[in-house]
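Asker: Sending over work.txt (compact mmCIF, C-alpha atoms and all ligand atoms).
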# COMPACT_ATOMS: atom_id res chain seq x y z
CA MET A 174 75.84 -15.80 -139.17
CA MET A 175 77.98 -15.78 -136.02
CA ILE A 176 76.28 -17.48 -133.09
CA PRO A 177 77.42 -15.81 -129.86
CA ARG A 178 79.00 -18.23 -127.38
CA PRO A 179 77.53 -18.19 -123.89
CA PRO A 180 79.78 -16.51 -121.32
CA PRO A 181 82.08 -18.91 -119.39
CA PRO A 182 80.71 -20.21 -116.08
CA SER A 183 82.85 -17.98 -113.86
CA LEU A 184 81.69 -14.90 -115.78
CA ARG A 185 78.05 -15.98 -115.68
CA VAL A 186 78.45 -16.37 -111.94
CA ALA A 187 79.97 -12.96 -111.64
CA LEU A 188 77.19 -11.50 -113.73
CA ARG A 189 74.31 -12.86 -111.77
CA ALA A 190 75.97 -14.11 -108.57
CA GLY A 191 74.44 -17.50 -109.26
CA TRP A 192 75.69 -20.77 -110.72
CA SER A 193 75.74 -22.55 -114.05
CA SER A 194 75.88 -26.24 -114.65
CA ILE A 195 76.57 -29.55 -116.22
CA VAL A 196 74.25 -32.27 -114.91
CA VAL A 197 75.92 -35.64 -115.28
CA SER A 198 73.24 -37.75 -113.66
CA PRO A 199 72.12 -40.72 -115.73
CA SER A 200 68.64 -40.15 -114.26
CA SER A 201 68.15 -36.93 -116.20
CA CYS A 202 64.97 -38.16 -117.84
CA ILE A 203 63.02 -39.02 -114.67
CA PRO A 204 59.91 -36.80 -114.68
CA ALA A 205 59.81 -34.16 -111.97
CA THR A 206 56.43 -35.40 -110.76
CA HIS A 207 58.12 -38.57 -109.42
CA ARG A 208 60.28 -36.63 -107.01
CA ALA A 209 59.69 -35.72 -103.40
CA HIS A 210 59.97 -32.15 -102.17
CA SER A 211 61.01 -31.18 -98.67
CA SER A 212 60.60 -27.92 -96.81
CA SER A 213 63.31 -25.28 -96.61
CA PRO A 214 63.92 -22.67 -93.91
CA THR A 215 62.82 -19.16 -94.89
CA THR A 216 66.12 -17.49 -93.96
CA TYR A 217 69.72 -18.63 -93.48
CA PRO A 218 73.02 -17.15 -92.23
CA ALA A 219 75.80 -16.30 -94.68
CA LEU A 220 79.27 -14.76 -94.39
CA VAL A 221 79.08 -11.55 -96.40
CA TYR A 222 81.50 -8.73 -97.29
CA ASP A 223 80.76 -5.43 -99.01
CA LYS A 224 84.29 -4.04 -99.27
CA TYR A 225 87.78 -5.48 -99.59
CA GLY A 226 90.23 -5.74 -96.73
CA ARG A 227 91.20 -7.87 -93.74
CA HIS A 228 88.65 -10.56 -93.01
CA ASP A 229 88.33 -9.53 -89.36
CA GLU A 230 87.38 -6.02 -90.45
CA ILE A 231 85.04 -6.70 -93.36
CA LEU A 232 83.26 -10.01 -92.78
CA LYS A 233 79.67 -9.86 -91.50
CA VAL A 234 76.98 -12.43 -90.84
CA ALA A 235 73.77 -11.68 -92.72
CA HIS A 236 70.48 -13.55 -92.54
CA LEU A 237 69.28 -13.87 -96.11
CA PRO A 238 65.91 -15.00 -97.45
CA LEU A 239 65.55 -18.46 -98.99
CA PRO A 240 62.57 -18.26 -101.34
CA PRO A 241 60.55 -21.35 -102.30
CA VAL A 242 61.89 -23.05 -105.43
CA SER A 243 60.70 -21.95 -108.85
CA ALA A 244 60.36 -24.33 -111.81
CA THR A 245 64.07 -24.16 -112.67
CA THR A 246 65.75 -23.84 -109.27
CA VAL A 247 66.88 -26.08 -106.44
CA ASN A 248 67.23 -25.21 -102.77
CA VAL A 249 70.24 -26.70 -101.05
CA LYS A 250 71.70 -27.05 -97.58
CA PHE A 251 75.47 -26.76 -97.51
CA LEU A 252 77.28 -29.58 -95.73
CA ALA A 253 80.86 -28.32 -95.81
CA SER A 254 82.93 -25.59 -97.48
CA PRO A 255 86.69 -25.08 -97.19
CA ILE A 256 88.68 -21.91 -96.73
CA ASN A 257 91.23 -21.84 -99.54
CA PRO A 258 93.99 -19.24 -100.01
CA ALA A 259 92.08 -17.83 -103.01
CA ASP A 260 89.03 -17.21 -100.80
CA ILE A 261 91.16 -15.04 -98.51
CA ASN A 262 92.66 -13.21 -101.49
CA GLN A 263 89.12 -12.62 -102.75
CA LEU A 264 88.19 -10.90 -99.47
CA GLN A 265 91.35 -8.81 -99.77
CA GLY A 266 90.38 -7.78 -103.31
CA THR A 267 93.58 -9.24 -104.77
CA TYR A 268 91.98 -12.22 -106.55
CA PRO A 269 91.04 -11.68 -110.21
CA LEU A 270 87.61 -13.29 -109.78
CA LYS A 271 85.52 -10.68 -107.95
CA PRO A 272 81.88 -11.55 -107.32
CA PRO A 273 79.82 -8.37 -107.67
CA PHE A 274 78.50 -6.70 -104.52
CA ASN A 275 74.76 -7.26 -104.67
CA PRO A 276 72.73 -4.68 -102.70
CA THR A 277 69.91 -7.15 -102.03
CA ILE A 278 72.25 -9.39 -100.03
CA GLY A 279 74.44 -6.57 -98.71
CA GLY A 280 77.58 -7.49 -100.66
CA ALA A 281 79.05 -10.81 -101.82
CA ILE A 282 79.13 -14.14 -100.01
CA GLY A 283 82.56 -15.60 -99.24
CA GLY A 284 83.84 -19.00 -100.35
CA ASN A 285 84.22 -20.59 -103.77
CA GLU A 286 83.69 -24.31 -103.31
CA GLY A 287 81.70 -26.65 -101.10
CA VAL A 288 79.21 -29.49 -101.17
CA ALA A 289 75.50 -29.13 -100.53
CA GLU A 290 72.54 -31.47 -100.17
CA VAL A 291 69.46 -30.77 -102.25
CA ILE A 292 66.43 -30.11 -100.04
CA SER A 293 63.89 -28.92 -102.59
CA VAL A 294 63.58 -29.22 -106.38
CA GLY A 295 61.57 -27.14 -108.87
CA ASP A 296 58.97 -28.91 -111.00
CA GLY A 297 60.83 -28.29 -114.24
CA VAL A 298 64.19 -29.59 -113.03
CA ARG A 299 65.44 -32.86 -114.49
CA GLY A 300 68.14 -35.12 -113.06
CA ILE A 301 68.46 -33.63 -109.58
CA HIS A 302 66.55 -35.03 -106.62
CA VAL A 303 66.04 -34.24 -102.97
CA GLY A 304 68.94 -35.79 -101.05
CA ASP A 305 71.44 -35.53 -103.92
CA TRP A 306 74.81 -33.96 -103.21
CA VAL A 307 75.74 -31.12 -105.54
CA ILE A 308 78.72 -28.83 -106.02
CA PRO A 309 78.69 -25.42 -107.67
CA VAL A 310 79.77 -25.53 -111.29
CA ALA A 311 81.79 -22.33 -111.13
CA SER A 312 83.66 -20.26 -108.58
CA GLY A 313 82.25 -17.07 -107.16
CA SER A 314 78.67 -17.61 -105.96
CA GLY A 315 79.59 -17.85 -102.28
CA THR A 316 79.70 -21.14 -100.38
CA TRP A 317 80.14 -19.89 -96.82
CA ARG A 318 76.46 -20.13 -95.97
CA THR A 319 74.14 -22.77 -94.62
CA HIS A 320 71.62 -22.69 -97.49
CA ALA A 321 71.26 -21.38 -101.02
CA GLN A 322 69.02 -21.35 -104.03
CA TYR A 323 70.61 -22.07 -107.40
CA GLU A 324 69.44 -22.41 -110.92
CA ALA A 325 69.56 -26.18 -111.41
CA GLU A 326 71.94 -25.71 -114.34
CA ASP A 327 74.37 -24.01 -111.99
CA VAL A 328 75.07 -27.08 -109.87
CA LEU A 329 76.72 -30.36 -110.69
CA LYS A 330 75.35 -33.55 -109.16
CA LEU A 331 77.98 -35.76 -107.52
CA GLU A 332 77.90 -39.53 -107.56
CA SER A 333 78.53 -39.34 -103.84
CA GLU A 334 78.23 -42.95 -102.75
CA GLY A 335 81.25 -43.94 -100.66
CA VAL A 336 82.63 -40.40 -100.65
CA SER A 337 82.93 -38.26 -97.50
CA LYS A 338 81.57 -34.74 -97.39
CA ILE A 339 85.11 -33.43 -96.84
CA ILE A 340 86.31 -35.00 -100.09
CA ALA A 341 83.19 -33.73 -101.89
CA ALA A 342 83.58 -30.22 -100.48
CA THR A 343 87.20 -29.92 -101.56
CA ILE A 344 87.31 -31.87 -104.81
CA SER A 345 86.78 -29.12 -107.35
CA VAL A 346 89.83 -27.02 -106.45
CA ASN A 347 92.82 -28.86 -105.00
CA PRO A 348 92.58 -32.44 -106.32
CA SER A 349 91.34 -31.11 -109.68
CA THR A 350 94.28 -28.71 -109.92
CA ALA A 351 96.69 -31.54 -109.11
CA TYR A 352 94.99 -33.79 -111.67
CA ARG A 353 95.20 -31.26 -114.48
CA MET A 354 98.79 -30.25 -113.80
CA LEU A 355 99.96 -33.86 -113.75
CA LYS A 356 98.04 -34.71 -116.95
CA ASP A 357 98.15 -31.62 -119.16
CA PHE A 358 101.76 -30.43 -119.41
CA ASP A 359 103.74 -33.56 -120.19
CA ASN A 360 102.99 -37.10 -121.17
CA LEU A 361 104.33 -38.57 -117.93
CA GLN A 362 104.84 -42.32 -117.75
CA PRO A 363 105.09 -44.61 -114.72
CA GLY A 364 108.50 -44.14 -113.14
CA ASP A 365 108.79 -40.49 -114.21
CA VAL A 366 109.69 -37.96 -111.54
CA VAL A 367 107.74 -34.84 -110.54
CA ILE A 368 109.06 -32.10 -108.23
CA GLN A 369 106.84 -29.76 -106.25
CA ASN A 370 107.21 -27.10 -103.59
CA GLY A 371 104.55 -26.32 -100.97
CA ALA A 372 104.24 -30.09 -100.86
CA ASN A 373 102.26 -30.09 -97.62
CA SER A 374 99.55 -27.83 -99.09
CA GLY A 375 96.15 -29.20 -100.05
CA VAL A 376 97.23 -29.28 -103.70
CA GLY A 377 100.57 -30.83 -102.70
CA GLN A 378 98.86 -33.64 -100.80
CA SER A 379 96.72 -34.36 -103.87
CA VAL A 380 99.74 -34.30 -106.18
CA ILE A 381 101.50 -36.89 -104.02
CA GLN A 382 98.50 -39.21 -103.98
CA LEU A 383 97.61 -38.93 -107.67
CA ALA A 384 101.26 -39.39 -108.63
CA LYS A 385 101.43 -42.49 -106.44
CA ALA A 386 98.23 -43.87 -107.98
CA TRP A 387 99.57 -43.29 -111.49
CA GLY A 388 103.07 -44.62 -110.79
CA PHE A 389 105.02 -41.33 -110.85
CA ARG A 390 107.76 -40.56 -108.32
CA THR A 391 107.62 -37.32 -106.32
CA VAL A 392 110.26 -35.02 -104.86
CA ASN A 393 108.49 -32.85 -102.31
CA ILE A 394 109.87 -29.57 -101.02
CA VAL A 395 108.61 -28.11 -97.73
CA ARG A 396 109.75 -25.31 -95.46
CA GLN A 397 112.03 -26.08 -92.51
CA ARG A 398 110.07 -26.32 -89.22
CA PRO A 399 110.51 -27.75 -85.73
CA ASP A 400 108.26 -30.75 -86.45
CA LEU A 401 109.88 -31.55 -89.80
CA ASP A 402 110.29 -35.27 -89.07
CA GLU A 403 106.61 -35.64 -88.31
CA LEU A 404 105.66 -33.78 -91.50
CA LYS A 405 108.03 -35.96 -93.55
CA HIS A 406 106.47 -39.04 -92.02
CA GLN A 407 102.96 -37.82 -92.90
CA LEU A 408 103.93 -37.02 -96.50
CA HIS A 409 105.66 -40.39 -96.94
CA ALA A 410 102.49 -42.02 -95.59
CA LEU A 411 100.57 -40.33 -98.42
CA GLY A 412 103.00 -41.80 -100.95
CA ALA A 413 105.83 -39.24 -101.23
CA ASP A 414 109.13 -40.72 -102.44
CA MET A 415 111.42 -37.90 -101.27
CA VAL A 416 110.68 -35.04 -98.86
CA ILE A 417 113.30 -32.31 -98.63
CA THR A 418 113.48 -28.78 -97.26
CA GLU A 419 114.00 -25.61 -99.28
CA GLU A 420 117.59 -25.60 -98.00
CA ASP A 421 118.14 -29.25 -99.02
CA ALA A 422 117.02 -28.41 -102.56
CA ARG A 423 120.23 -26.39 -103.03
CA ARG A 424 122.57 -29.20 -101.92
CA THR A 425 124.56 -31.15 -104.50
CA ASP A 426 124.19 -34.43 -102.60
CA VAL A 427 120.41 -34.00 -102.62
CA ALA A 428 120.52 -33.30 -106.38
CA ALA A 429 122.41 -36.58 -106.74
CA GLN A 430 119.69 -38.39 -104.75
CA VAL A 431 117.02 -36.92 -107.04
CA LYS A 432 118.96 -38.30 -110.02
CA GLN A 433 118.86 -41.77 -108.45
CA LEU A 434 115.09 -41.69 -108.23
CA GLY A 435 114.48 -42.16 -111.94
CA PRO A 436 114.82 -40.27 -115.22
CA PRO A 437 115.67 -36.55 -114.89
CA PRO A 438 112.51 -34.77 -113.65
CA ARG A 439 110.44 -33.20 -116.44
CA LEU A 440 107.66 -31.54 -114.43
CA ALA A 441 107.92 -29.05 -111.55
CA LEU A 442 104.84 -27.65 -109.81
CA ASN A 443 105.34 -24.28 -108.17
CA CYS A 444 103.00 -22.65 -105.65
CA VAL A 445 105.68 -20.66 -103.81
CA GLY A 446 107.71 -18.57 -106.30
CA GLY A 447 110.90 -16.68 -105.41
CA LYS A 448 114.05 -18.70 -104.66
CA SER A 449 112.00 -21.81 -104.12
CA ALA A 450 111.06 -21.90 -107.81
CA THR A 451 114.66 -21.16 -108.84
CA ASN A 452 115.99 -24.05 -106.76
CA MET A 453 113.37 -26.42 -108.06
CA VAL A 454 114.22 -25.60 -111.68
CA ARG A 455 117.87 -26.48 -111.01
CA LEU A 456 116.76 -30.03 -110.23
CA LEU A 457 114.95 -30.43 -113.57
CA GLY A 458 116.25 -32.30 -116.59
CA HIS A 459 116.09 -31.24 -120.25
CA ASP A 460 112.79 -30.31 -122.00
CA ALA A 461 111.05 -29.93 -118.65
CA HIS A 462 107.95 -27.92 -117.75
CA LEU A 463 107.63 -25.57 -114.79
CA VAL A 464 103.97 -24.96 -113.93
CA THR A 465 103.27 -22.06 -111.60
CA TYR A 466 99.87 -22.18 -109.95
CA GLY A 467 100.34 -20.17 -106.74
CA GLY A 468 102.55 -17.49 -105.25
CA MET A 469 102.56 -18.17 -101.51
CA SER A 470 105.91 -16.41 -100.87
CA LYS A 471 104.60 -13.30 -102.71
CA GLU A 472 108.03 -13.22 -104.42
CA PRO A 473 108.32 -13.12 -108.23
CA VAL A 474 109.34 -16.28 -110.05
CA THR A 475 113.01 -15.91 -110.99
CA LEU A 476 114.44 -18.49 -113.34
CA PRO A 477 118.01 -19.15 -114.52
CA THR A 478 118.54 -18.03 -118.12
CA SER A 479 120.63 -21.16 -118.76
CA ALA A 480 117.61 -23.38 -118.02
CA PHE A 481 115.79 -21.86 -121.01
CA ILE A 482 118.73 -21.80 -123.40
CA PHE A 483 120.58 -25.01 -122.62
CA LYS A 484 117.85 -27.19 -121.13
CA ASN A 485 114.90 -26.00 -123.19
CA LEU A 486 112.77 -25.28 -120.11
CA SER A 487 109.14 -24.28 -120.72
CA ALA A 488 107.41 -22.15 -118.07
CA HIS A 489 103.62 -22.11 -117.79
CA GLY A 490 100.87 -20.80 -115.53
CA PHE A 491 97.80 -22.78 -114.53
CA TRP A 492 94.47 -21.53 -113.18
CA MET A 493 91.70 -24.03 -112.50
CA THR A 494 89.03 -21.38 -113.08
CA ARG A 495 90.33 -20.76 -116.59
CA TRP A 496 90.35 -24.50 -117.28
CA TYR A 497 86.74 -24.84 -116.07
CA ASP A 498 85.71 -21.92 -118.28
CA ALA A 499 87.40 -23.48 -121.29
CA HIS A 500 85.88 -26.90 -120.65
CA SER A 501 82.33 -25.99 -119.67
CA HIS A 502 81.00 -27.46 -122.91
CA ASP A 503 82.78 -30.80 -123.02
CA ASP A 504 82.85 -33.93 -120.89
CA GLN A 505 86.41 -33.60 -119.57
CA ARG A 506 85.21 -32.21 -116.25
CA ALA A 507 82.81 -35.09 -115.67
CA ARG A 508 85.57 -37.58 -116.54
CA MET A 509 88.03 -35.92 -114.17
CA LEU A 510 85.47 -35.79 -111.36
CA SER A 511 84.56 -39.40 -111.87
CA ALA A 512 88.24 -40.45 -111.80
CA LEU A 513 88.91 -38.45 -108.62
CA LEU A 514 85.84 -39.84 -106.87
CA ALA A 515 86.90 -43.37 -107.83
CA LEU A 516 90.32 -42.75 -106.26
CA ALA A 517 88.61 -41.38 -103.14
CA ARG A 518 86.35 -44.44 -102.85
CA THR A 519 89.40 -46.69 -102.86
CA ALA A 520 91.25 -44.49 -100.32
CA ARG A 521 93.91 -43.57 -102.87
CA LEU A 522 92.77 -39.95 -102.54
CA ARG A 523 92.20 -39.09 -98.91
CA GLU A 524 90.64 -36.10 -97.20
CA PRO A 525 93.11 -33.22 -96.88
CA TRP A 526 94.45 -32.77 -93.36
CA HIS A 527 91.83 -30.51 -91.89
CA ASP A 528 90.05 -28.94 -88.93
CA LEU A 529 86.27 -28.68 -88.88
CA ASN A 530 84.68 -25.41 -87.81
CA SER A 531 81.09 -26.03 -86.85
CA PHE A 532 78.82 -23.32 -88.29
CA ARG A 533 75.31 -23.79 -86.90
CA ALA A 534 72.41 -21.86 -88.39
CA GLU A 535 70.81 -21.33 -84.98
CA ASP A 536 73.92 -19.81 -83.35
CA PRO A 537 73.96 -16.07 -82.57
CA VAL A 538 75.47 -13.79 -85.20
CA ASP A 539 78.39 -12.79 -82.95
CA ARG A 540 79.37 -16.39 -82.38
CA LEU A 541 79.23 -17.21 -86.09
CA ARG A 542 81.33 -14.19 -86.93
CA GLU A 543 83.93 -15.05 -84.29
CA LEU A 544 84.03 -18.64 -85.52
CA ALA A 545 84.60 -17.47 -89.09
CA VAL A 546 87.30 -14.94 -88.20
CA THR A 547 89.19 -17.52 -86.11
CA ALA A 548 88.95 -20.15 -88.84
CA ILE A 549 90.20 -17.74 -91.52
CA ASP A 550 93.01 -16.63 -89.18
CA LYS A 551 94.12 -20.25 -88.90
CA ALA A 552 93.78 -20.84 -92.65
CA GLY A 553 95.99 -17.87 -93.45
CA ARG A 554 98.70 -18.73 -90.94
CA GLY A 555 101.93 -20.28 -92.28
CA PHE A 556 103.19 -23.65 -91.00
CA GLY A 557 99.62 -24.77 -90.37
CA SER A 558 99.30 -27.72 -92.79
CA ARG A 559 95.59 -28.15 -92.04
CA LYS A 560 92.75 -27.03 -94.29
CA GLN A 561 90.09 -25.12 -92.33
CA ILE A 562 86.63 -26.30 -93.30
CA PHE A 563 83.23 -24.91 -92.32
CA GLU A 564 80.90 -27.74 -91.40
CA PHE A 565 77.28 -26.61 -91.57
CA GLU A 566 74.81 -28.08 -89.12
N1 LIG A 601 96.02 -21.89 -109.89
C1 LIG A 601 95.03 -22.62 -109.39
O1 LIG A 601 94.07 -22.98 -110.07
C2 LIG A 601 95.09 -23.00 -107.96
C3 LIG A 601 94.24 -23.99 -107.45
C4 LIG A 601 94.39 -24.36 -106.10
C5 LIG A 601 95.32 -23.71 -105.31
N2 LIG A 601 96.09 -22.73 -105.85
C6 LIG A 601 97.12 -22.04 -105.08
O2 LIG A 601 98.00 -23.04 -104.59
C7 LIG A 601 98.52 -22.63 -103.34
C8 LIG A 601 98.21 -23.72 -102.32
O3 LIG A 601 96.79 -23.80 -102.17
P1 LIG A 601 96.19 -24.83 -101.13
O4 LIG A 601 94.74 -24.68 -101.08
O5 LIG A 601 96.75 -26.16 -101.42
O6 LIG A 601 96.85 -24.21 -99.81
P2 LIG A 601 96.91 -24.69 -98.32
O7 LIG A 601 96.44 -26.10 -98.19
O8 LIG A 601 96.28 -23.63 -97.50
O9 LIG A 601 98.50 -24.68 -98.05
C9 LIG A 601 99.22 -23.50 -98.12
C10 LIG A 601 100.66 -23.85 -98.48
O10 LIG A 601 101.39 -22.67 -98.68
C11 LIG A 601 102.60 -22.74 -97.92
N3 LIG A 601 102.97 -21.40 -97.50
C12 LIG A 601 102.24 -20.53 -96.76
N4 LIG A 601 102.91 -19.37 -96.63
C13 LIG A 601 104.07 -19.52 -97.31
C14 LIG A 601 105.20 -18.67 -97.54
N5 LIG A 601 105.25 -17.42 -97.07
N6 LIG A 601 106.22 -19.16 -98.28
C15 LIG A 601 106.18 -20.42 -98.76
N7 LIG A 601 105.15 -21.26 -98.58
C16 LIG A 601 104.11 -20.81 -97.85
C17 LIG A 601 102.25 -23.63 -96.76
O11 LIG A 601 103.42 -24.19 -96.25
P3 LIG A 601 103.85 -24.02 -94.70
O12 LIG A 601 103.19 -25.16 -93.96
O13 LIG A 601 105.31 -24.11 -94.76
O14 LIG A 601 103.34 -22.68 -94.24
C18 LIG A 601 101.38 -24.66 -97.45
O15 LIG A 601 102.17 -25.61 -98.10
C19 LIG A 601 97.88 -21.28 -103.05
O16 LIG A 601 98.74 -20.28 -103.52
C20 LIG A 601 96.62 -21.31 -103.86
O17 LIG A 601 96.14 -20.04 -104.17
C21 LIG A 601 95.99 -22.37 -107.15
Please re-express this file's structure in structure tokens.
Ligand SMILES: NC(=O)c1ccc[n+]([C@@H]2O[C@H](COP(=O)([O-])OP(=O)(O)OC[C@H]3O[C@@H](n4cnc5c(N)ncnc54)[C@H](OP(=O)(O)O)[C@@H]3O)[C@@H](O)[C@H]2O)c1
Answerer:
Amino acid sequence: MMIPRPPPPSLRVALRAGWSSIVVSPSSCIPATHRAHSSSPTTYPALVYDKYGRHDEILKVAHLPLPPVSATTVNVKFLASPINPADINQLQGTYPLKPPFNPTIGGAIGGNEGVAEVISVGDGVRGIHVGDWVIPVASGSGTWRTHAQYEAEDVLKLESEGVSKIIAATISVNPSTAYRMLKDFDNLQPGDVVIQNGANSGVGQSVIQLAKAWGFRTVNIVRQRPDLDELKHQLHALGADMVITEEDARRTDVAAQVKQLGPPPRLALNCVGGKSATNMVRLLGHDAHLVTYGGMSKEPVTLPTSAFIFKNLSAHGFWMTRWYDAHSHDDQRARMLSALLALARTARLREPWHDLNSFRAEDPVDRLRELAVTAIDKAGRGFGSRKQIFEFE
């Protein structure tokens, strides 16, 4: 008899606008009766949308009820949640993961990742305690809110000692994407060379640091800008070996410098598309992999035919959500998280460059809305280089 597989986490989230989970705590057998409970507020503010469009036209602040915990749920207080490009695309309706509009909350809640502190635990919950830091298992439940109630199986407990809330809030998208792309497409060895565009992005910063930690060299492509020298300095400080502009990437002398860095590059990470991807591919050696994970230029990826025929190029796409869905039943996620947190504890993975936007539950609705619109404006602006993060107080 066929046993039906449970739906992947992102689909479960979409179906019930909740979370699903892997609990990795070693304390999973401590009886619930040994744990303290703390009180929760009865309502909380959330950033909600009930149609797709521009954030300044569709985003509202709603005060939603926070019921007492049931046997299987936990109540949490969010500490911080970033604004990622995908979150903005989700508001615009152009992102494939679309949380359903739920009439009881007046739509869907924005945001796909963040870190929260547990403030109340149901009697039947094992392995999660008041004071623990948790992250949502899957995208799509809405993290732009001060509080939430989740099924305990829909959150993942973090071993948060020595880790900042900014690292914890941003770990499941950008550093995880960088980790997977560096590990899963080629068997890179110390000394190997990786090329990436959008190198100053959150993912790009993670790629540089993970590559440095693992002994890979990086060629980092950024857009020309007035403060280019400062940006180069910042990227070198993270561990970048070469930082070049999109225009440099077409120069033969720069191609010669790339050749000096090590063996011909076998991995290129593309979050821009268009000519940027084409130029990057020209710097690759034989049997290389191009991994496209974003399309910031909104231009199609155009690749030279010769790269496929004569250099045996392989082109791939990567989506972290798909990887999480595929690996919801094994321990690879826990191992990746543990490795990333270990790098963060030893300052080899630092917080992304960021601005904090203080979202206080007691502030008037108009102020919260204005704060959110301004923060999303900044997040969506080119040449910004700083992740906008809601800090909940
Ligand atoms: N597939 C996945 O699973 C996955 C996971 C994480 C992220 N992503 C994607 O990866 C990309 C970066 O995400 P992030 O969170 O790291 O972003 P981020 O920190 O907000 O950085 C955005 C990056 O995009 C660049 N950019 C903005 N507009 C551009 C344009 N018109 N042309 C070229 N570059 C432009 C920025 O460079 P400037 O400073 O020059 O503007 C910056 O490097 C996004 O497309 C995101 O959706 C995908």
Asker: A:Ala507, A:Leu404, A:Met493, A:Ala413: which is nearest A:Asn285, counting all atoms listed in the file?
Answerer: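 That would be A:Met493, the residue with the smallest distance to A:Asn285.
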Asker: Work out where the centre of an axis-aligned box around every listed atom of stretch 486-503 of chain A lies and how long its edges are once 4 Å is added on each side; give both in Å to one decimal as lines of an AutoDock Vina configuration file.
Answerer:
center_x = 96.9
center_y = -25.8
center_z = -117.8
size_x = 39.8
size_y = 18.0
size_z = 18.5
Asker: Write out as JSON lines the residues of stretch 289-310 of chain A that have any atom within 9 Å of an atom of stretch 325-347 of chain A, one row each with the nearest atom pair and its distance in Å to one decimal, counting only C-alpha atoms, sorted by chain and then rising number.
Answerer:
{"residue": "A:Ala289", "atom": "CA", "partner": "A:Ala342", "partner_atom": "CA", "distance": 8.2}
{"residue": "A:Val294", "atom": "CA", "partner": "A:Ala325", "partner_atom": "CA", "distance": 8.4}
{"residue": "A:Gly295", "atom": "CA", "partner": "A:Ala325", "partner_atom": "CA", "distance": 8.4}
{"residue": "A:Val298", "atom": "CA", "partner": "A:Ala325", "partner_atom": "CA", "distance": 6.6}
{"residue": "A:Arg299", "atom": "CA", "partner": "A:Ala325", "partner_atom": "CA", "distance": 8.4}
{"residue": "A:Gly300", "atom": "CA", "partner": "A:Lys330", "partner_atom": "CA", "distance": 8.3}
{"residue": "A:Ile301", "atom": "CA", "partner": "A:Lys330", "partner_atom": "CA", "distance": 6.9}
{"residue": "A:Asp305", "atom": "CA", "partner": "A:Lys330", "partner_atom": "CA", "distance": 6.8}
{"residue": "A:Trp306", "atom": "CA", "partner": "A:Leu331", "partner_atom": "CA", "distance": 5.6}
{"residue": "A:Val307", "atom": "CA", "partner": "A:Lys330", "partner_atom": "CA", "distance": 4.4}
{"residue": "A:Ile308", "atom": "CA", "partner": "A:Leu329", "partner_atom": "CA", "distance": 5.3}
{"residue": "A:Pro309", "atom": "CA", "partner": "A:Val328", "partner_atom": "CA", "distance": 4.5}
{"residue": "A:Val310", "atom": "CA", "partner": "A:Val328", "partner_atom": "CA", "distance": 5.1}
Asker: Mind dumping a table of every chain A residue within 6 Å of ligand LIG 601 (chain A), with the nearest atom pair and its distance in Å to one decimal, using all atoms listed in the file, sorted by chain and rising number, as a Markdown table?
Answerer:
| residue | atom | partner | partner_atom | distance |
| --- | --- | --- | --- | --- |
| A:Asn257 | CA | A:LIG601 | O4 | 4.8 |
| A:Pro258 | CA | A:LIG601 | O17 | 4.8 |
| A:Ala259 | CA | A:LIG601 | O17 | 4.8 |
| A:Val346 | CA | A:LIG601 | C4 | 5.3 |
| A:Asn347 | CA | A:LIG601 | C4 | 4.9 |
| A:Thr350 | CA | A:LIG601 | C3 | 5.3 |
| A:Gly371 | CA | A:LIG601 | O15 | 3.8 |
| A:Ala372 | CA | A:LIG601 | O15 | 5.7 |
| A:Asn373 | CA | A:LIG601 | O15 | 4.5 |
| A:Ser374 | CA | A:LIG601 | O9 | 3.5 |
| A:Gly375 | CA | A:LIG601 | O5 | 3.4 |
| A:Val376 | CA | A:LIG601 | O5 | 3.9 |
| A:Val395 | CA | A:LIG601 | O13 | 6.0 |
| A:Arg396 | CA | A:LIG601 | O13 | 4.7 |
| A:Cys444 | CA | A:LIG601 | C7 | 5.0 |
| A:Val445 | CA | A:LIG601 | C15 | 5.1 |
| A:Tyr466 | CA | A:LIG601 | N1 | 3.9 |
| A:Gly467 | CA | A:LIG601 | O16 | 3.6 |
| A:Gly468 | CA | A:LIG601 | O16 | 5.0 |
| A:Met469 | CA | A:LIG601 | C13 | 4.7 |
| A:Ser470 | CA | A:LIG601 | N6 | 3.8 |
| A:Phe491 | CA | A:LIG601 | N1 | 5.0 |
| A:Trp492 | CA | A:LIG601 | O1 | 3.5 |
| A:Met493 | CA | A:LIG601 | O1 | 3.6 |
| A:Gly555 | CA | A:LIG601 | O14 | 3.4 |
| A:Phe556 | CA | A:LIG601 | O12 | 3.3 |
| A:Gly557 | CA | A:LIG601 | O12 | 5.1 |
| A:Ser558 | CA | A:LIG601 | O12 | 4.8 |
| A:Lys560 | CA | A:LIG601 | O7 | 5.4 |
Asker: Counting all atoms listed in the file, what is within 7 Å of A:Leu220, bar same-chain residues fewer than 6 positions away, as a list in words?
Answerer: Leu232, Lys233, Val234, Ala235, Ile282, Gly283, Trp317 and Arg318 of chain A
Asker: Taking only C-alpha atoms into account, name the residue in A:Pro240, A:Gly377, A:Pro363, A:Gly279 that is nearest to A:Ser349.
Answerer: A:Gly377
Asker: Between A:Thr267, A:Leu442, A:Pro537, A:Tyr323, which is the closest to A:Thr245 once you count only C-alpha atoms?
Answerer: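 Going through A:Thr267, A:Leu442, A:Pro537, A:Tyr323 one by one, the smallest distance to A:Thr245 is for A:Tyr323.
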Asker: Quick one: of A:Leu411, A:Leu456, A:Ala515, A:Leu476, who's nearest to A:Val431, counting only C-alpha atoms?
Answerer: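 Answer, going by the shortest atom-to-atom distance: A:Leu456.
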